[in-house]
$ cat final-v2.cif   # mmCIF, N, CA, C and O atoms
data_structure
loop_
_atom_site.label_atom_id
_atom_site.label_comp_id
_atom_site.auth_asym_id
_atom_site.auth_seq_id
_atom_site.Cartn_x
_atom_site.Cartn_y
_atom_site.Cartn_z
N MET A 1 21.94 -86.06 -83.20
CA MET A 1 21.84 -86.47 -84.59
C MET A 1 22.64 -85.48 -85.43
O MET A 1 22.46 -84.27 -85.33
N ASN A 2 23.53 -85.96 -86.28
CA ASN A 2 24.30 -85.04 -87.12
C ASN A 2 23.55 -84.76 -88.42
O ASN A 2 22.54 -85.36 -88.71
N GLU A 3 24.08 -83.86 -89.24
CA GLU A 3 23.41 -83.43 -90.46
C GLU A 3 23.22 -84.55 -91.47
O GLU A 3 22.30 -84.53 -92.27
N ASN A 4 24.10 -85.53 -91.46
CA ASN A 4 24.05 -86.60 -92.46
C ASN A 4 23.11 -87.73 -92.07
O ASN A 4 22.89 -88.63 -92.85
N THR A 5 22.58 -87.69 -90.86
CA THR A 5 21.70 -88.75 -90.41
C THR A 5 20.26 -88.31 -90.59
O THR A 5 19.85 -87.30 -90.03
N ALA A 6 19.51 -89.07 -91.37
CA ALA A 6 18.11 -88.73 -91.60
C ALA A 6 17.28 -89.21 -90.42
O ALA A 6 17.59 -90.23 -89.80
N ALA A 7 16.22 -88.47 -90.14
CA ALA A 7 15.31 -88.88 -89.08
C ALA A 7 14.58 -90.13 -89.53
O ALA A 7 14.27 -90.30 -90.70
N PRO A 8 14.32 -91.05 -88.60
CA PRO A 8 13.60 -92.27 -88.99
C PRO A 8 12.20 -91.92 -89.50
O PRO A 8 11.55 -91.02 -89.00
N THR A 9 11.77 -92.65 -90.53
CA THR A 9 10.44 -92.39 -91.09
C THR A 9 9.52 -93.54 -90.72
O THR A 9 9.95 -94.69 -90.64
N SER A 10 8.27 -93.24 -90.53
CA SER A 10 7.29 -94.27 -90.23
C SER A 10 6.91 -94.99 -91.51
O SER A 10 7.17 -94.51 -92.62
N SER A 11 6.25 -96.14 -91.38
CA SER A 11 5.83 -96.87 -92.58
C SER A 11 4.78 -96.06 -93.35
O SER A 11 4.72 -96.14 -94.57
N ASN A 12 3.97 -95.26 -92.64
CA ASN A 12 3.00 -94.40 -93.33
C ASN A 12 3.70 -93.37 -94.19
O ASN A 12 3.27 -93.09 -95.31
N ASP A 13 4.78 -92.78 -93.68
CA ASP A 13 5.55 -91.80 -94.46
C ASP A 13 6.12 -92.44 -95.72
O ASP A 13 6.10 -91.85 -96.79
N ARG A 14 6.64 -93.66 -95.59
CA ARG A 14 7.22 -94.35 -96.75
C ARG A 14 6.14 -94.67 -97.78
O ARG A 14 6.36 -94.53 -98.98
N ARG A 15 4.94 -95.09 -97.32
CA ARG A 15 3.85 -95.38 -98.25
C ARG A 15 3.41 -94.12 -98.98
O ARG A 15 3.19 -94.14 -100.18
N LEU A 16 3.31 -93.02 -98.26
CA LEU A 16 2.92 -91.76 -98.88
C LEU A 16 3.98 -91.32 -99.87
O LEU A 16 3.67 -90.85 -100.97
N GLU A 17 5.24 -91.47 -99.52
CA GLU A 17 6.33 -91.07 -100.40
C GLU A 17 6.28 -91.83 -101.72
O GLU A 17 6.58 -91.27 -102.78
N MET A 18 5.86 -93.09 -101.70
CA MET A 18 5.75 -93.88 -102.93
C MET A 18 4.70 -93.29 -103.86
O MET A 18 4.80 -93.40 -105.08
N LEU A 19 3.68 -92.64 -103.32
CA LEU A 19 2.60 -92.09 -104.14
C LEU A 19 2.91 -90.72 -104.72
O LEU A 19 2.21 -90.27 -105.63
N LEU A 20 3.92 -90.06 -104.23
CA LEU A 20 4.20 -88.68 -104.65
C LEU A 20 4.52 -88.54 -106.13
O LEU A 20 4.30 -87.48 -106.71
N ASP A 21 5.01 -89.59 -106.77
CA ASP A 21 5.35 -89.52 -108.20
C ASP A 21 4.28 -90.13 -109.11
O ASP A 21 4.49 -90.26 -110.31
N VAL A 22 3.14 -90.50 -108.56
CA VAL A 22 2.08 -91.08 -109.37
C VAL A 22 1.40 -89.98 -110.17
O VAL A 22 0.90 -89.01 -109.59
N PRO A 23 1.37 -90.09 -111.50
CA PRO A 23 0.73 -89.04 -112.31
C PRO A 23 -0.79 -89.07 -112.16
O PRO A 23 -1.39 -90.14 -112.08
N LEU A 24 -1.39 -87.90 -112.11
CA LEU A 24 -2.84 -87.76 -112.02
C LEU A 24 -3.32 -86.85 -113.14
O LEU A 24 -2.63 -85.93 -113.54
N SER A 25 -4.51 -87.11 -113.60
CA SER A 25 -5.13 -86.26 -114.60
C SER A 25 -6.00 -85.23 -113.87
O SER A 25 -6.98 -85.60 -113.22
N VAL A 26 -5.64 -83.96 -113.96
CA VAL A 26 -6.38 -82.89 -113.31
C VAL A 26 -7.07 -82.05 -114.38
O VAL A 26 -6.44 -81.60 -115.33
N THR A 27 -8.39 -81.87 -114.22
CA THR A 27 -9.19 -81.12 -115.18
C THR A 27 -9.96 -80.04 -114.44
O THR A 27 -10.48 -80.29 -113.36
N VAL A 28 -10.02 -78.86 -115.01
CA VAL A 28 -10.88 -77.80 -114.49
C VAL A 28 -12.02 -77.65 -115.49
O VAL A 28 -11.80 -77.37 -116.66
N GLU A 29 -13.23 -77.84 -115.00
CA GLU A 29 -14.39 -77.86 -115.87
C GLU A 29 -15.17 -76.56 -115.74
O GLU A 29 -15.64 -76.20 -114.66
N LEU A 30 -15.30 -75.85 -116.86
CA LEU A 30 -16.07 -74.61 -116.89
C LEU A 30 -17.56 -74.88 -116.88
O LEU A 30 -18.35 -74.10 -116.35
N GLY A 31 -17.97 -75.97 -117.49
CA GLY A 31 -19.38 -76.32 -117.59
C GLY A 31 -19.54 -77.42 -118.62
O GLY A 31 -18.58 -77.87 -119.22
N ARG A 32 -20.79 -77.82 -118.82
CA ARG A 32 -21.08 -78.90 -119.78
C ARG A 32 -22.26 -78.50 -120.65
O ARG A 32 -23.06 -77.65 -120.29
N THR A 33 -22.34 -79.18 -121.78
CA THR A 33 -23.49 -79.02 -122.67
C THR A 33 -23.65 -80.29 -123.50
O THR A 33 -22.72 -81.10 -123.57
N ARG A 34 -24.81 -80.46 -124.06
CA ARG A 34 -25.07 -81.57 -124.98
C ARG A 34 -25.39 -80.98 -126.35
O ARG A 34 -26.09 -79.99 -126.45
N MET A 35 -24.83 -81.61 -127.37
CA MET A 35 -25.14 -81.18 -128.73
C MET A 35 -25.05 -82.37 -129.66
O MET A 35 -24.39 -83.36 -129.34
N THR A 36 -25.71 -82.24 -130.77
CA THR A 36 -25.65 -83.30 -131.77
C THR A 36 -24.34 -83.20 -132.54
O THR A 36 -23.65 -82.17 -132.50
N ILE A 37 -24.01 -84.25 -133.25
CA ILE A 37 -22.81 -84.23 -134.09
C ILE A 37 -22.92 -83.13 -135.13
O ILE A 37 -21.97 -82.42 -135.42
N GLN A 38 -24.13 -82.94 -135.67
CA GLN A 38 -24.34 -81.90 -136.67
C GLN A 38 -24.04 -80.52 -136.07
O GLN A 38 -23.37 -79.70 -136.71
N GLU A 39 -24.51 -80.27 -134.85
CA GLU A 39 -24.23 -78.99 -134.19
C GLU A 39 -22.73 -78.82 -133.94
O GLU A 39 -22.17 -77.74 -134.14
N LEU A 40 -22.07 -79.89 -133.51
CA LEU A 40 -20.63 -79.85 -133.25
C LEU A 40 -19.86 -79.52 -134.52
O LEU A 40 -18.95 -78.68 -134.52
N LEU A 41 -20.23 -80.17 -135.62
CA LEU A 41 -19.53 -79.96 -136.88
C LEU A 41 -19.77 -78.57 -137.46
O LEU A 41 -18.97 -78.08 -138.26
N SER A 42 -20.85 -77.91 -137.03
CA SER A 42 -21.13 -76.57 -137.55
C SER A 42 -20.38 -75.48 -136.78
O SER A 42 -20.44 -74.32 -137.16
N LEU A 43 -19.67 -75.84 -135.71
CA LEU A 43 -18.91 -74.85 -134.95
C LEU A 43 -17.71 -74.36 -135.74
O LEU A 43 -17.10 -75.11 -136.49
N GLY A 44 -17.40 -73.11 -135.56
CA GLY A 44 -16.25 -72.53 -136.22
C GLY A 44 -15.73 -71.37 -135.40
O GLY A 44 -16.26 -71.07 -134.31
N PRO A 45 -14.72 -70.69 -135.88
CA PRO A 45 -14.19 -69.53 -135.16
C PRO A 45 -15.30 -68.52 -134.86
O PRO A 45 -16.12 -68.22 -135.73
N GLY A 46 -15.38 -68.09 -133.63
CA GLY A 46 -16.40 -67.13 -133.24
C GLY A 46 -17.68 -67.76 -132.74
O GLY A 46 -18.57 -67.06 -132.24
N SER A 47 -17.81 -69.09 -132.87
CA SER A 47 -19.01 -69.77 -132.37
C SER A 47 -19.05 -69.67 -130.85
O SER A 47 -18.02 -69.66 -130.18
N VAL A 48 -20.25 -69.60 -130.31
CA VAL A 48 -20.44 -69.56 -128.86
C VAL A 48 -21.18 -70.82 -128.45
O VAL A 48 -22.21 -71.16 -129.04
N VAL A 49 -20.63 -71.51 -127.46
CA VAL A 49 -21.26 -72.72 -126.93
C VAL A 49 -21.79 -72.39 -125.54
O VAL A 49 -21.03 -72.02 -124.65
N GLU A 50 -23.11 -72.52 -125.38
CA GLU A 50 -23.73 -72.22 -124.08
C GLU A 50 -23.52 -73.40 -123.14
O GLU A 50 -23.78 -74.54 -123.49
N LEU A 51 -23.03 -73.09 -121.92
CA LEU A 51 -22.77 -74.13 -120.93
C LEU A 51 -23.85 -74.12 -119.86
O LEU A 51 -24.65 -73.19 -119.78
N ASP A 52 -23.85 -75.16 -119.02
CA ASP A 52 -24.89 -75.30 -118.00
C ASP A 52 -24.62 -74.49 -116.73
O ASP A 52 -25.39 -74.57 -115.78
N LYS A 53 -23.54 -73.73 -116.68
CA LYS A 53 -23.23 -72.91 -115.51
C LYS A 53 -23.36 -71.44 -115.86
O LYS A 53 -23.18 -71.05 -117.02
N VAL A 54 -23.65 -70.64 -114.85
CA VAL A 54 -23.74 -69.19 -115.07
C VAL A 54 -22.41 -68.54 -114.73
O VAL A 54 -21.60 -69.10 -113.98
N ALA A 55 -22.16 -67.36 -115.29
CA ALA A 55 -20.92 -66.64 -115.03
C ALA A 55 -20.77 -66.40 -113.53
O ALA A 55 -21.73 -66.06 -112.85
N GLY A 56 -19.58 -66.62 -113.02
CA GLY A 56 -19.30 -66.40 -111.60
C GLY A 56 -19.52 -67.64 -110.74
O GLY A 56 -19.13 -67.66 -109.58
N GLU A 57 -20.14 -68.67 -111.30
CA GLU A 57 -20.35 -69.91 -110.54
C GLU A 57 -19.00 -70.63 -110.39
O GLU A 57 -18.16 -70.57 -111.29
N PRO A 58 -18.76 -71.31 -109.26
CA PRO A 58 -17.47 -71.99 -109.06
C PRO A 58 -17.19 -73.02 -110.15
O PRO A 58 -18.10 -73.67 -110.67
N LEU A 59 -15.91 -73.15 -110.50
CA LEU A 59 -15.46 -74.13 -111.48
C LEU A 59 -15.17 -75.44 -110.76
O LEU A 59 -14.71 -75.45 -109.63
N ASP A 60 -15.44 -76.56 -111.41
CA ASP A 60 -15.18 -77.87 -110.82
C ASP A 60 -13.74 -78.29 -111.09
O ASP A 60 -13.25 -78.17 -112.22
N ILE A 61 -13.06 -78.80 -110.06
CA ILE A 61 -11.71 -79.34 -110.19
C ILE A 61 -11.85 -80.85 -110.06
O ILE A 61 -12.29 -81.36 -109.03
N VAL A 62 -11.49 -81.56 -111.12
CA VAL A 62 -11.71 -82.99 -111.21
C VAL A 62 -10.35 -83.68 -111.31
O VAL A 62 -9.51 -83.29 -112.12
N VAL A 63 -10.13 -84.71 -110.48
CA VAL A 63 -8.90 -85.50 -110.52
C VAL A 63 -9.28 -86.93 -110.83
O VAL A 63 -10.08 -87.54 -110.11
N ASN A 64 -8.72 -87.45 -111.91
CA ASN A 64 -9.04 -88.81 -112.36
C ASN A 64 -10.55 -89.05 -112.40
O ASN A 64 -11.05 -90.03 -111.86
N ASP A 65 -11.26 -88.13 -113.02
CA ASP A 65 -12.72 -88.21 -113.23
C ASP A 65 -13.54 -88.13 -111.95
O ASP A 65 -14.70 -88.52 -111.93
N ARG A 66 -12.97 -87.63 -110.86
CA ARG A 66 -13.69 -87.47 -109.60
C ARG A 66 -13.61 -86.01 -109.16
O ARG A 66 -12.53 -85.43 -109.10
N LEU A 67 -14.77 -85.42 -108.85
CA LEU A 67 -14.81 -84.05 -108.35
C LEU A 67 -14.14 -84.01 -106.98
O LEU A 67 -14.53 -84.75 -106.07
N VAL A 68 -13.12 -83.17 -106.82
CA VAL A 68 -12.42 -83.08 -105.53
C VAL A 68 -12.49 -81.69 -104.92
O VAL A 68 -12.31 -81.53 -103.72
N ALA A 69 -12.73 -80.66 -105.76
CA ALA A 69 -12.74 -79.30 -105.23
C ALA A 69 -13.45 -78.37 -106.21
O ALA A 69 -13.79 -78.76 -107.32
N ARG A 70 -13.67 -77.15 -105.75
CA ARG A 70 -14.22 -76.09 -106.59
C ARG A 70 -13.34 -74.85 -106.44
O ARG A 70 -12.67 -74.69 -105.43
N GLY A 71 -13.38 -74.00 -107.46
CA GLY A 71 -12.54 -72.82 -107.39
C GLY A 71 -13.00 -71.75 -108.34
O GLY A 71 -14.05 -71.87 -108.97
N GLU A 72 -12.19 -70.69 -108.42
CA GLU A 72 -12.51 -69.58 -109.31
C GLU A 72 -11.31 -69.29 -110.19
O GLU A 72 -10.16 -69.49 -109.80
N ALA A 73 -11.60 -68.85 -111.40
CA ALA A 73 -10.54 -68.54 -112.36
C ALA A 73 -9.80 -67.28 -111.93
O ALA A 73 -10.40 -66.33 -111.44
N VAL A 74 -8.49 -67.31 -112.09
CA VAL A 74 -7.64 -66.16 -111.80
C VAL A 74 -6.61 -66.02 -112.93
O VAL A 74 -6.39 -66.96 -113.69
N VAL A 75 -6.02 -64.85 -113.03
CA VAL A 75 -4.93 -64.63 -113.98
C VAL A 75 -3.69 -64.31 -113.18
O VAL A 75 -3.70 -63.41 -112.33
N VAL A 76 -2.60 -65.07 -113.43
CA VAL A 76 -1.34 -64.88 -112.74
C VAL A 76 -0.25 -64.79 -113.80
O VAL A 76 -0.06 -65.72 -114.58
N ASN A 77 0.44 -63.65 -113.85
CA ASN A 77 1.50 -63.45 -114.84
C ASN A 77 1.03 -63.77 -116.26
O ASN A 77 1.67 -64.50 -117.00
N ASP A 78 -0.12 -63.24 -116.63
CA ASP A 78 -0.70 -63.42 -117.96
C ASP A 78 -1.08 -64.87 -118.29
O ASP A 78 -1.24 -65.22 -119.45
N LYS A 79 -1.21 -65.72 -117.28
CA LYS A 79 -1.65 -67.10 -117.48
C LYS A 79 -2.87 -67.35 -116.62
O LYS A 79 -3.01 -66.78 -115.54
N PHE A 80 -3.76 -68.21 -117.12
CA PHE A 80 -4.93 -68.57 -116.34
C PHE A 80 -4.55 -69.56 -115.25
O PHE A 80 -3.67 -70.41 -115.44
N GLY A 81 -5.22 -69.45 -114.13
CA GLY A 81 -5.05 -70.39 -113.03
C GLY A 81 -6.38 -70.56 -112.34
O GLY A 81 -7.40 -70.01 -112.77
N ILE A 82 -6.38 -71.32 -111.27
CA ILE A 82 -7.59 -71.50 -110.49
C ILE A 82 -7.25 -71.41 -109.01
O ILE A 82 -6.27 -71.99 -108.56
N ARG A 83 -8.03 -70.62 -108.32
CA ARG A 83 -7.89 -70.49 -106.87
C ARG A 83 -8.90 -71.44 -106.24
O ARG A 83 -10.11 -71.34 -106.49
N ILE A 84 -8.42 -72.38 -105.44
CA ILE A 84 -9.31 -73.35 -104.80
C ILE A 84 -10.07 -72.64 -103.69
O ILE A 84 -9.49 -71.99 -102.83
N THR A 85 -11.40 -72.75 -103.75
CA THR A 85 -12.24 -72.09 -102.76
C THR A 85 -12.96 -73.08 -101.86
O THR A 85 -13.42 -72.72 -100.79
N ASP A 86 -13.05 -74.35 -102.30
CA ASP A 86 -13.79 -75.34 -101.52
C ASP A 86 -13.28 -76.74 -101.86
O ASP A 86 -13.12 -77.07 -103.03
N ILE A 87 -13.03 -77.53 -100.82
CA ILE A 87 -12.67 -78.94 -101.01
C ILE A 87 -13.94 -79.75 -100.80
O ILE A 87 -14.67 -79.54 -99.83
N VAL A 88 -14.23 -80.67 -101.71
CA VAL A 88 -15.44 -81.48 -101.62
C VAL A 88 -15.32 -82.42 -100.42
O VAL A 88 -14.28 -83.07 -100.24
N SER A 89 -16.36 -82.47 -99.62
CA SER A 89 -16.34 -83.32 -98.42
C SER A 89 -16.37 -84.79 -98.80
O SER A 89 -16.82 -85.17 -99.89
N LYS A 90 -15.91 -85.63 -97.88
CA LYS A 90 -15.90 -87.06 -98.11
C LYS A 90 -17.32 -87.57 -98.37
O LYS A 90 -17.55 -88.39 -99.26
N SER A 91 -18.29 -87.07 -97.63
CA SER A 91 -19.67 -87.53 -97.79
C SER A 91 -20.21 -87.13 -99.18
O SER A 91 -20.92 -87.92 -99.81
N GLU A 92 -19.85 -85.94 -99.67
CA GLU A 92 -20.30 -85.53 -101.00
C GLU A 92 -19.64 -86.38 -102.09
O GLU A 92 -20.27 -86.77 -103.06
N ARG A 93 -18.35 -86.70 -101.91
CA ARG A 93 -17.67 -87.55 -102.88
C ARG A 93 -18.31 -88.94 -102.92
O ARG A 93 -18.53 -89.49 -103.99
N LEU A 94 -18.66 -89.48 -101.76
CA LEU A 94 -19.31 -90.79 -101.70
C LEU A 94 -20.68 -90.76 -102.33
O LEU A 94 -21.08 -91.68 -103.04
N ALA A 95 -21.43 -89.67 -102.10
CA ALA A 95 -22.77 -89.55 -102.67
C ALA A 95 -22.72 -89.51 -104.20
O ALA A 95 -23.61 -90.04 -104.86
N ARG A 96 -21.68 -88.92 -104.76
CA ARG A 96 -21.54 -88.85 -106.22
C ARG A 96 -21.21 -90.20 -106.84
O ARG A 96 -21.38 -90.40 -108.02
N LEU A 97 -20.68 -91.14 -106.06
CA LEU A 97 -20.34 -92.47 -106.58
C LEU A 97 -21.59 -93.31 -106.80
O LEU A 97 -21.57 -94.26 -107.57
N ARG A 98 -22.67 -92.98 -106.14
CA ARG A 98 -23.90 -93.78 -106.23
C ARG A 98 -24.69 -93.46 -107.45
O ARG A 98 -24.67 -92.56 -108.11
#
$ encode --input "final-v2.cif" --output "structure tokens"
Amino acid sequence: MNENTAAPTSSNDRRLEMLLDVPLSVTVELGRTRMTIQELLSLGPGSVVELDKVAGEPLDIVVNDRLVARGEAVVVNDKFGIRITDIVSKSERLARLR
């Protein structure tokens, strides 16, 4: 096979390749809380909103509104990032759908 000849691809490879450009919404969730509209409107600079998670607890990584992984916050080159520490199992993902 010369350099200009591509290796044959399977139909699975072609199907996967079609999905590579599909945009996804990825969200990292620090935690959640419930508040009234009045409480929300009273927030201002310096306000603290208490979340349902404790410091150091893994952050949820959500893709298209589905939990897919957990991770921890990191700083890389003065920017925040997330290090994936756990991929949610198929059985856990299915259990969350119910």
$ atom_distance --input "final-v2.cif" --atom1 "atom N of A:Ile84" --atom2 "atom O of A:Thr27"
11.4 Å
$ closest_residue --input "final-v2.cif" --among "A:Arg83, A:Arg15, A:Arg32, A:Arg66" --to "A:Lys53" --atoms "all atoms listed in the file"
A:Arg32
$ select_by_dssp --input "final-v2.cif" --residues "chain A" --states "alpha helix (DSSP H)" --output "PyMOL selection string"
chain A and resi 11-19+37-41+90-97
$ resolve_selection --input "final-v2.cif" --expression "the PyMOL selection byres (((chain A and resi 85 and name CA) around 6) and name CA)" --output "tab-separated table (two decimals) with N, CA, C and O atoms, in the coordinates of the input"
chain	number	residue	atom	x	y	z
A	70	ARG	N	-13.67	-77.15	-105.75
A	70	ARG	CA	-14.22	-76.09	-106.59
A	70	ARG	C	-13.34	-74.85	-106.44
A	70	ARG	O	-12.67	-74.69	-105.43
A	71	GLY	N	-13.38	-74.00	-107.46
A	71	GLY	CA	-12.54	-72.82	-107.39
A	71	GLY	C	-13.00	-71.75	-108.34
A	71	GLY	O	-14.05	-71.87	-108.97
A	84	ILE	N	-8.42	-72.38	-105.44
A	84	ILE	CA	-9.31	-73.35	-104.80
A	84	ILE	C	-10.07	-72.64	-103.69
A	84	ILE	O	-9.49	-71.99	-102.83
A	86	ASP	N	-13.05	-74.35	-102.30
A	86	ASP	CA	-13.79	-75.34	-101.52
A	86	ASP	C	-13.28	-76.74	-101.86
A	86	ASP	O	-13.12	-77.07	-103.03
$ select_by_dssp --input "final-v2.cif" --residues "stretch 39-88 of chain A" --states "strand (DSSP E)" --output "PDB file with N, CA, C and O atoms, in the coordinates of the input"
ATOM      1  N   LEU A  59     -15.910 -73.150-110.500  1.00  0.00           N
ATOM      2  CA  LEU A  59     -15.460 -74.130-111.480  1.00  0.00           C
ATOM      3  C   LEU A  59     -15.170 -75.440-110.760  1.00  0.00           C
ATOM      4  O   LEU A  59     -14.710 -75.450-109.630  1.00  0.00           O
ATOM      5  N   ASP A  60     -15.440 -76.560-111.410  1.00  0.00           N
ATOM      6  CA  ASP A  60     -15.180 -77.870-110.820  1.00  0.00           C
ATOM      7  C   ASP A  60     -13.740 -78.290-111.090  1.00  0.00           C
ATOM      8  O   ASP A  60     -13.250 -78.170-112.220  1.00  0.00           O
ATOM      9  N   ILE A  61     -13.060 -78.800-110.060  1.00  0.00           N
ATOM     10  CA  ILE A  61     -11.710 -79.340-110.190  1.00  0.00           C
ATOM     11  C   ILE A  61     -11.850 -80.850-110.060  1.00  0.00           C
ATOM     12  O   ILE A  61     -12.290 -81.360-109.030  1.00  0.00           O
ATOM     13  N   VAL A  62     -11.490 -81.560-111.120  1.00  0.00           N
ATOM     14  CA  VAL A  62     -11.710 -82.990-111.210  1.00  0.00           C
ATOM     15  C   VAL A  62     -10.350 -83.680-111.310  1.00  0.00           C
ATOM     16  O   VAL A  62      -9.510 -83.290-112.120  1.00  0.00           O
ATOM     17  N   VAL A  63     -10.130 -84.710-110.480  1.00  0.00           N
ATOM     18  CA  VAL A  63      -8.900 -85.500-110.520  1.00  0.00           C
ATOM     19  C   VAL A  63      -9.280 -86.930-110.830  1.00  0.00           C
ATOM     20  O   VAL A  63     -10.080 -87.540-110.110  1.00  0.00           O
ATOM     21  N   ARG A  66     -12.970 -87.630-110.860  1.00  0.00           N
ATOM     22  CA  ARG A  66     -13.690 -87.470-109.600  1.00  0.00           C
ATOM     23  C   ARG A  66     -13.610 -86.010-109.160  1.00  0.00           C
ATOM     24  O   ARG A  66     -12.530 -85.430-109.100  1.00  0.00           O
ATOM     25  N   LEU A  67     -14.770 -85.420-108.850  1.00  0.00           N
ATOM     26  CA  LEU A  67     -14.810 -84.050-108.350  1.00  0.00           C
ATOM     27  C   LEU A  67     -14.140 -84.010-106.980  1.00  0.00           C
ATOM     28  O   LEU A  67     -14.530 -84.750-106.070  1.00  0.00           O
ATOM     29  N   VAL A  68     -13.120 -83.170-106.820  1.00  0.00           N
ATOM     30  CA  VAL A  68     -12.420 -83.080-105.530  1.00  0.00           C
ATOM     31  C   VAL A  68     -12.490 -81.690-104.920  1.00  0.00           C
ATOM     32  O   VAL A  68     -12.310 -81.530-103.720  1.00  0.00           O
ATOM     33  N   ALA A  69     -12.730 -80.660-105.760  1.00  0.00           N
ATOM     34  CA  ALA A  69     -12.740 -79.300-105.230  1.00  0.00           C
ATOM     35  C   ALA A  69     -13.450 -78.370-106.210  1.00  0.00           C
ATOM     36  O   ALA A  69     -13.790 -78.760-107.320  1.00  0.00           O
ATOM     37  N   ARG A  70     -13.670 -77.150-105.750  1.00  0.00           N
ATOM     38  CA  ARG A  70     -14.220 -76.090-106.590  1.00  0.00           C
ATOM     39  C   ARG A  70     -13.340 -74.850-106.440  1.00  0.00           C
ATOM     40  O   ARG A  70     -12.670 -74.690-105.430  1.00  0.00           O
ATOM     41  N   GLY A  71     -13.380 -74.000-107.460  1.00  0.00           N
ATOM     42  CA  GLY A  71     -12.540 -72.820-107.390  1.00  0.00           C
ATOM     43  C   GLY A  71     -13.000 -71.750-108.340  1.00  0.00           C
ATOM     44  O   GLY A  71     -14.050 -71.870-108.970  1.00  0.00           O
ATOM     45  N   GLU A  72     -12.190 -70.690-108.420  1.00  0.00           N
ATOM     46  CA  GLU A  72     -12.510 -69.580-109.310  1.00  0.00           C
ATOM     47  C   GLU A  72     -11.310 -69.290-110.190  1.00  0.00           C
ATOM     48  O   GLU A  72     -10.160 -69.490-109.800  1.00  0.00           O
ATOM     49  N   ALA A  73     -11.600 -68.850-111.400  1.00  0.00           N
ATOM     50  CA  ALA A  73     -10.540 -68.540-112.360  1.00  0.00           C
ATOM     51  C   ALA A  73      -9.800 -67.280-111.930  1.00  0.00           C
ATOM     52  O   ALA A  73     -10.400 -66.330-111.440  1.00  0.00           O
ATOM     53  N   VAL A  74      -8.490 -67.310-112.090  1.00  0.00           N
ATOM     54  CA  VAL A  74      -7.640 -66.160-111.800  1.00  0.00           C
ATOM     55  C   VAL A  74      -6.610 -66.020-112.930  1.00  0.00           C
ATOM     56  O   VAL A  74      -6.390 -66.960-113.690  1.00  0.00           O
ATOM     57  N   VAL A  75      -6.020 -64.850-113.030  1.00  0.00           N
ATOM     58  CA  VAL A  75      -4.930 -64.630-113.980  1.00  0.00           C
ATOM     59  C   VAL A  75      -3.690 -64.310-113.180  1.00  0.00           C
ATOM     60  O   VAL A  75      -3.700 -63.410-112.330  1.00  0.00           O
ATOM     61  N   VAL A  76      -2.600 -65.070-113.430  1.00  0.00           N
ATOM     62  CA  VAL A  76      -1.340 -64.880-112.740  1.00  0.00           C
ATOM     63  C   VAL A  76      -0.250 -64.790-113.800  1.00  0.00           C
ATOM     64  O   VAL A  76      -0.060 -65.720-114.580  1.00  0.00           O
ATOM     65  N   LYS A  79      -1.210 -65.720-117.280  1.00  0.00           N
ATOM     66  CA  LYS A  79      -1.650 -67.100-117.480  1.00  0.00           C
ATOM     67  C   LYS A  79      -2.870 -67.350-116.620  1.00  0.00           C
ATOM     68  O   LYS A  79      -3.010 -66.780-115.540  1.00  0.00           O
ATOM     69  N   PHE A  80      -3.760 -68.210-117.120  1.00  0.00           N
ATOM     70  CA  PHE A  80      -4.930 -68.570-116.340  1.00  0.00           C
ATOM     71  C   PHE A  80      -4.550 -69.560-115.250  1.00  0.00           C
ATOM     72  O   PHE A  80      -3.670 -70.410-115.440  1.00  0.00           O
ATOM     73  N   GLY A  81      -5.220 -69.450-114.130  1.00  0.00           N
ATOM     74  CA  GLY A  81      -5.050 -70.390-113.030  1.00  0.00           C
ATOM     75  C   GLY A  81      -6.380 -70.560-112.340  1.00  0.00           C
ATOM     76  O   GLY A  81      -7.400 -70.010-112.770  1.00  0.00           O
ATOM     77  N   ILE A  82      -6.380 -71.320-111.270  1.00  0.00           N
ATOM     78  CA  ILE A  82      -7.590 -71.500-110.490  1.00  0.00           C
ATOM     79  C   ILE A  82      -7.250 -71.410-109.010  1.00  0.00           C
ATOM     80  O   ILE A  82      -6.270 -71.990-108.560  1.00  0.00           O
ATOM     81  N   ARG A  83      -8.030 -70.620-108.320  1.00  0.00           N
ATOM     82  CA  ARG A  83      -7.890 -70.490-106.870  1.00  0.00           C
ATOM     83  C   ARG A  83      -8.900 -71.440-106.240  1.00  0.00           C
ATOM     84  O   ARG A  83     -10.110 -71.340-106.490  1.00  0.00           O
ATOM     85  N   ILE A  84      -8.420 -72.380-105.440  1.00  0.00           N
ATOM     86  CA  ILE A  84      -9.310 -73.350-104.800  1.00  0.00           C
ATOM     87  C   ILE A  84     -10.070 -72.640-103.690  1.00  0.00           C
ATOM     88  O   ILE A  84      -9.490 -71.990-102.830  1.00  0.00           O
ATOM     89  N   THR A  85     -11.400 -72.750-103.750  1.00  0.00           N
ATOM     90  CA  THR A  85     -12.240 -72.090-102.760  1.00  0.00           C
ATOM     91  C   THR A  85     -12.960 -73.080-101.860  1.00  0.00           C
ATOM     92  O   THR A  85     -13.420 -72.720-100.790  1.00  0.00           O
ATOM     93  N   ASP A  86     -13.050 -74.350-102.300  1.00  0.00           N
ATOM     94  CA  ASP A  86     -13.790 -75.340-101.520  1.00  0.00           C
ATOM     95  C   ASP A  86     -13.280 -76.740-101.860  1.00  0.00           C
ATOM     96  O   ASP A  86     -13.120 -77.070-103.030  1.00  0.00           O
ATOM     97  N   ILE A  87     -13.030 -77.530-100.820  1.00  0.00           N
ATOM     98  CA  ILE A  87     -12.670 -78.940-101.010  1.00  0.00           C
ATOM     99  C   ILE A  87     -13.940 -79.750-100.800  1.00  0.00           C
ATOM    100  O   ILE A  87     -14.670 -79.540 -99.830  1.00  0.00           O
TER     101      ILE A  87
END
$ atom_distance --input "final-v2.cif" --atom1 "atom CA of A:Gly46" --atom2 "atom CA of A:Asn77"
25.9 Å
$ resolve_selection --input "final-v2.cif" --expression "the PyMOL selection byres ((chain A and resi 68) around 6)" --output "count of residues only"
11
